[in-house]
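Trainee: Below is the structure I would like to discuss, written out as structure tokens.
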Amino acid sequence: MRHDALRGAAALLLWGALAPVAAADTPPALAQLEQAVAAAPDSPRPSSDYRMAVIKAGEYDRAIAFFERLVAAHPKSANAWLNYGYAYVDKIPAAGAISRVILANHSLEKFTKSIELQRAWLALYTRGNSYLYWPPIFGKGALAVADLEEALALVKREPKRRPVHARVYVALGDAYWRTEQPEKARAVWREGTALFPNTPQLQARLARDGEELSTYIYDQLDSNERVDTSLAPLWAEP
Amino acid sequence: MGRALTTAGRRSAVALLAVALAGAAPAPPPIRFEEIGEAAGARLPHHLRQFAGPHADVLEIFTAGGSAVAVADYDGDGDEDLFVTDSDAGRPNRLLRNEWVPSGALRFTEVAAAGGVAGGNDRLSIVADALWFEADGDGRPDLLVARFGTPLLYRNLGGGRFADVTAGSGLETEFGNTIAAIAFDADGDGRLDVLFGHYFKPVNLIELPTPQVLPNNLDEAVNGGGVSLWRNSTEPGTGRPRFVEVSEKAGLAAHTGWTLDVGHADLDDDGDQDLYLAGDYGTDRLYWNRGDGTFEDATKEAIGFDTKKGMNVDVGDYDRDGRLDIYVTNITDDYMRECNMLWHNEGRGSDGRVRFTDVAKETGTCNSLWGWAAKFADFDNDGWEDLFATDGLRSAGPEEYIPLVLELILRPNVDFTDVRLWPAIGDRSWSGFQKKKLFRNLGGGTFKEVAAEAGVDNDRDGRGLGVTDLDDDGLLDFYQTNAGQPALLYRNTSTSPGRWLGLKLAGTGPNPDAIGARVTVRAGSTIWVREVNGGNGYAGQSTTRVHVGLGAVEKVDSVEVRWPGGRVERFAAPLGRYTTVREGEGSAPR
């Protein structure tokens with residue numbers, strides 16, 4: 001009951017804050033969104049909306065500092081840790097090549113904390129997908145496969161199938177491909193396509209092979225491009 | 001930003017259309033090169049400076065850039081010669097005299113010691129770059145050798161002999177870790193001034209006063225050597241070159257980046273020479289010349305602040321819109337995807353300011369791996385300037401160094417400046433064995449990478465490039481220097497090139513090579529623009545002769561020269577050969 005009340009208060013704070021953000025990316029608007037997140041640290045929606053506003057405002061360091069304070073206040077909140085990690089990911093396209101490595105490593109640490117608190121498919125998918133951005137020379141391919149296989153097992157137990165789950169099939173296939181398991185990659189993409197037939201990312205992979213497919217995947221995993229870390233698909237209706 | 005995106009989007013559409021059209025058109029005849037270094041007596045080895053002490057190999061790799069070539073007809077015999085640097089202690093630099101004239105054989109004779117220009121790699125100095133330029137205005141190109149140390153200035157006495165005139169020139173006071181040098185007339189007084197690009201801050205790397213000499217940040221470093229500008233104050237006829245440092249007055253002293261290359265051109269077409277500085281570990285800089293030798297930092301509005309690893313500056317008009325564009329190499333590899341920058345000159349906006357848009361991705365010139373020198377040149381004379389790009393840092397054993405670097409990078413609160421913290425590299429490779437890239441300009445804003453079919457996809461650890469026509473056949477050849485490896489000489493053997501014209505500009509006064517002159521060639525609605533530069537491009541000075549590929553054009557309508565002093569003249573220039581055009585002997589433009 002108390003939890004629901006908090007969520008309601010957070011929603012009010014959130015909707016009050018979104019309008020000013022849309023009008024002008026002002027710090028007061030972000031401050032209101034931060035209040036909403038702080039009021040409901042376990043709720044993905046305020047955290048996600050806050051980060052989207054931060055991206056728009058380019059206030060990446062502010063968000064990182066905010067989530068640092070949030071996890072200090074709520075060290076058992078898996079959602080807070082997850083979004084703390086996303087805050088680092090959100091900054092990556094705005095950073096130089098070397099700084100990106102440092103940011104990516106920080107994000108992995110936060111995702112790991114989230115997973116330690118709760119082995120949720122979203123956190124496992126997120127960390128597994130993050131590993132894919134690391135060049136093969138750093139040997140994170142097997143880690144990606146492990147996380148994404150577990151994420152897929154959890155997704156299959158979800159009570160409701162959502163389009164966002166297709167991302168796990170895409171990423172696990174990519175992980176297999178990157179670890180030189182092409183048959184498993186194709187199998188998981190085909191499995192995903194059977195469940196989510198209108199997923200262009202799956203179709204694009206199945207339409208390619210060999211060097212062309214490697215190049216395509218390489219291009220998809222480009223840290224120059226912003227990774228979509230919005231959690232809105234979690235509550236979007238199919 | 002919105003405007004830039006719109007422009008880029010439009011360009012992408014044009015590029016796609018061009019690709020589609022190219023698909024329908026017959027394939028252009030191939031560009032071909034033959035590597036003749038050994039046969040021509042030009043396959044010179046380069047040796048990296050060997051350091052002593054526990055951090056020797058870290059310092060070695062941070063200084064592994066000084067393999068350079070500089071092109072000029074130093075002996076005035078009509079063909080172009082090569083000065084090639086070495087870097088290890090006691091190793092001589094080499095002066096390769098081209099025997100093409102009068103023998104007709106493309107062979108070189110090494111004459112550095114006889115000429116008195118072999119020195120420079122002493123115990124406390126490392127040769128890193130070289131530049132031919134007219135220091136004293138006597139019509140014979142003099143030689144500047146840039147070092148991690150103080151530079152050396154050799155006065156060309158004629159007859160293949162040189163005199164070391166560093167002492168008393170003013171340059172002897174310029175201690176710096178200099179990796180680049182260009183000569184251009186910064187202040188419009190007719191004399192060629194010198195801009196040095198410095199990598200490290202000015203500490204002696206061989207007798208390290210402190211271990212904290214490396215970049216303080218690997219994306220936004222501000223503890224490098226910056227640049228220094230030296231005004232040429234030589235009195236004509238004295239034979240005694242004199243230079244005075246004017247960096248502060250010129251507005252360049254505040255820059256403290258890790259400069260790897262510097263380039264000049266009239267980027268805003270206002271008649272004076274502007275500057276582009278390529279910075280490793282951080283922001284490149286663009287400066288407008290105010291016309292009096294002082295410069296305005298226009299980086300923010302003209303190109304924006306990047307965080308890449310700028311390695312090279314070359315200037316050309318790749319899309320023939322009459323405006324000069326800039327090509328900068330960065331680092332692109334499996335572990336770091338910076339992409340090069342091809343800065344398209346957008347011309348003056350409604351506010352009267354010139355801006356650039358990076359079109360490397362759209363044009364297909366993004367990836368030249370761990371980039372070093374890259375040069376515009378129309379290698380097939382089809383009328384479009386191509387790009388050849390060197391690459392490769394360190395080719396050694398099968399193990400890679402980069403995982404060790406990663407460990408360092410991820411260490412909390414690590415002090416990157418401290419050489420003691422960088423892991424030993426041993427026999428590891430670091431972005432090694434990389435294939436060179438030849439981006440063939442297909443016109444319409446697209447390039448195609450053709451290095452393998454052209455025979456230039458060597459995997460040496462490339463550094464500098466000197467592009468010139470060594471045998472006067474109208475096809476541009478090039479000399480590629482490599483770090484710790486022998487250099488390569490590529491003779492252009494393309495069999496179906498287009499037409500061309502060549503010019504040797506002869507200016508009056510103390511700038512006889514007409515550095516900074518702009519040549520505009522017109523045929524119907526087609527326009528080709530070239531500028532004579534004083535050493536643009538990393539570790540390599542190309543010819544000061546102007547070469548213009550014309551494709552199928554049988555006749556040009558005009559050849560116009562805007563001389564450095566501003567005089568504009570027209571000249572007749574027959575196709576298919578080099579023509580010397582002298583300032584004051586042309587006709588007035590119509």
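Letters for chains follow the order of the structure tokens (A, B, ...), residue numbers begin at 1 for each chain, and ligand numbers begin at 1 in the order shown.
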With a cut-off of 6 Å and counting only C-alpha atoms, select all residues of chain B in contact with chain A and give the selection as a PyMOL selection string.
Mentor: chain B and resi 219+307+334-335+410
Trainee: Compile the contact shell of Asp228 in chain A as an MDAnalysis selection string: residues with an atom at most 10 Å away, counting only C-alpha atoms, same-chain residues fewer than 5 positions apart removed.
Mentor: chainID A and resid 52 86 89:90
Trainee: Which is closer to Val354 in chain B than all the others in B:Thr173, B:Asn367, B:Thr299, B:Asn511, using only C-alpha atoms?
Mentor: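 Closest residue, counting only C-alpha atoms: B:Thr299.
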Trainee: DSSP on the backbone, then: every residue of range 351-399 of chain B marked strand (DSSP E or B), written as a list of chain:residue names.
Mentor: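 Restricting range 351-399 of chain B to strand (DSSP E or B) produces B:Val354, B:Arg355, B:Phe356, B:Thr357, B:Asp358, B:Trp370, B:Gly371, B:Trp372, B:Ala373, B:Ala374, B:Lys375, B:Phe376, B:Ala377, B:Asp386, B:Leu387, B:Phe388, B:Ala389, B:Thr390, B:Asp391, B:Arg394.
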Trainee: Generate a file of the selected residues that holds C-alpha atoms, formatted as a CSV table (one decimal), in the first residue's frame.
Mentor:
```
chain,number,residue,atom,x,y,z
B,354,VAL,CA,33.2,30.1,-42.9
B,355,ARG,CA,32.3,26.7,-41.4
B,356,PHE,CA,33.2,23.1,-42.1
B,357,THR,CA,31.2,19.9,-41.9
B,358,ASP,CA,32.8,16.6,-41.4
B,370,TRP,CA,45.8,4.1,-36.9
B,371,GLY,CA,46.3,7.0,-39.2
B,372,TRP,CA,49.4,9.1,-40.0
B,373,ALA,CA,50.1,11.0,-43.1
B,374,ALA,CA,47.5,11.3,-45.8
B,375,LYS,CA,47.6,13.4,-48.9
B,376,PHE,CA,45.3,14.7,-51.6
B,377,ALA,CA,46.6,13.9,-55.1
B,386,ASP,CA,42.2,11.1,-54.5
B,387,LEU,CA,43.6,10.4,-51.0
B,388,PHE,CA,46.4,8.1,-50.0
B,389,ALA,CA,46.6,7.4,-46.3
B,390,THR,CA,49.4,5.7,-44.3
B,391,ASP,CA,48.7,3.9,-41.1
B,394,ARG,CA,53.9,-0.8,-34.2
```
Trainee: Can you tell me, as JSON, numbers by chain, what residues are no more than 10 Å from Leu195 in chain A when counting only C-alpha atoms, ignoring any on the same chain fewer than 2 positions away?
Mentor: {"A": [161, 162, 163, 165, 166, 169, 189, 190, 191, 192, 193, 197, 198, 199]}
Trainee: Restrict the calculation to only C-alpha atoms, then for each residue of range 161-212 of chain B with any atom at most 10 Å from an atom of range 556-576 of chain B give the closest atom pair and their distance in Å to one decimal, rows by chain and rising residue number, as JSON lines.
Mentor:
```
{"residue": "B:Phe184", "atom": "CA", "partner": "B:Pro564", "partner_atom": "CA", "distance": 9.7}
{"residue": "B:Asp185", "atom": "CA", "partner": "B:Pro564", "partner_atom": "CA", "distance": 8.1}
{"residue": "B:Gly188", "atom": "CA", "partner": "B:Gly565", "partner_atom": "CA", "distance": 7.1}
{"residue": "B:Asp189", "atom": "CA", "partner": "B:Gly565", "partner_atom": "CA", "distance": 8.4}
{"residue": "B:Gly190", "atom": "CA", "partner": "B:Gly565", "partner_atom": "CA", "distance": 7.0}
```
Trainee: Using only C-alpha atoms, which residue out of A:Ala142, A:Ile55, A:Ala175, A:Leu206 lies closest to Lys91 in chain A?
Mentor: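 Closest candidate: A:Ile55.
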Trainee: Excluding Trp132 in chain B and residues on its chain fewer than 4 positions from it, collect all residues at most 6 Å away from it, counting only C-alpha atoms, and give them as a PDB file with C-alpha atoms, in the first residue's frame.
Mentor:
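Output file result_26.pdb is given in full below:
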```pdb
ATOM      1  CA  PRO B 141      65.779  26.017 -51.054  1.00  0.00           C
ATOM      2  CA  ASP B 142      67.239  25.832 -47.575  1.00  0.00           C
ATOM      3  CA  LEU B 143      66.701  22.923 -45.230  1.00  0.00           C
TER       4      LEU B 143
END
```
Trainee: Report the distance between CA of Lys448 in chain B and CA of Pro200 in chain A in Å, rounded to one decimal place.
Mentor: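 If I compute the distance from CA of Lys448 in chain B to CA of Pro200 in chain A, I get 28.6 Å.
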Trainee: Near Ile527 in chain B, counting only C-alpha atoms, which residues have an atom at most 12 Å away, once you skip same-chain residues fewer than 3 positions from it, shown as a JSON list (two decimals) with C-alpha atoms, in the first residue's frame?
Mentor:
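Wrote it out as selection.json, contents follow:
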```
[["chain", "number", "residue", "atom", "x", "y", "z"],
["B", 317, "ASP", "CA", 39.30, 20.73, -53.01],
["B", 318, "TYR", "CA", 37.99, 17.18, -53.22],
["B", 319, "ASP", "CA", 34.57, 18.14, -54.62],
["B", 320, "ARG", "CA", 35.71, 20.91, -57.00],
["B", 321, "ASP", "CA", 33.43, 23.52, -55.52],
["B", 322, "GLY", "CA", 36.29, 26.01, -55.48],
["B", 323, "ARG", "CA", 36.70, 25.93, -51.71],
["B", 383, "GLY", "CA", 40.16, 15.46, -62.52],
["B", 384, "TRP", "CA", 39.32, 14.45, -58.96],
["B", 519, "VAL", "CA", 45.99, 28.44, -58.85],
["B", 520, "THR", "CA", 42.56, 28.28, -60.43],
["B", 521, "VAL", "CA", 42.06, 26.34, -63.63],
["B", 522, "ARG", "CA", 38.79, 26.58, -65.52],
["B", 523, "ALA", "CA", 37.33, 24.53, -68.35],
["B", 524, "GLY", "CA", 33.74, 25.40, -69.06],
["B", 530, "ARG", "CA", 45.22, 24.29, -55.88],
["B", 548, "VAL", "CA", 46.16, 19.34, -62.04],
["B", 549, "GLY", "CA", 44.51, 16.24, -63.46],
["B", 550, "LEU", "CA", 41.95, 17.19, -66.06],
["B", 553, "VAL", "CA", 39.19, 17.81, -70.86],
["B", 556, "VAL", "CA", 41.33, 24.62, -70.45],
["B", 557, "ASP", "CA", 39.82, 28.08, -70.69],
["B", 558, "SER", "CA", 42.05, 29.78, -68.18],
["B", 559, "VAL", "CA", 44.88, 29.29, -65.74],
["B", 560, "GLU", "CA", 44.85, 31.99, -63.11]]
```
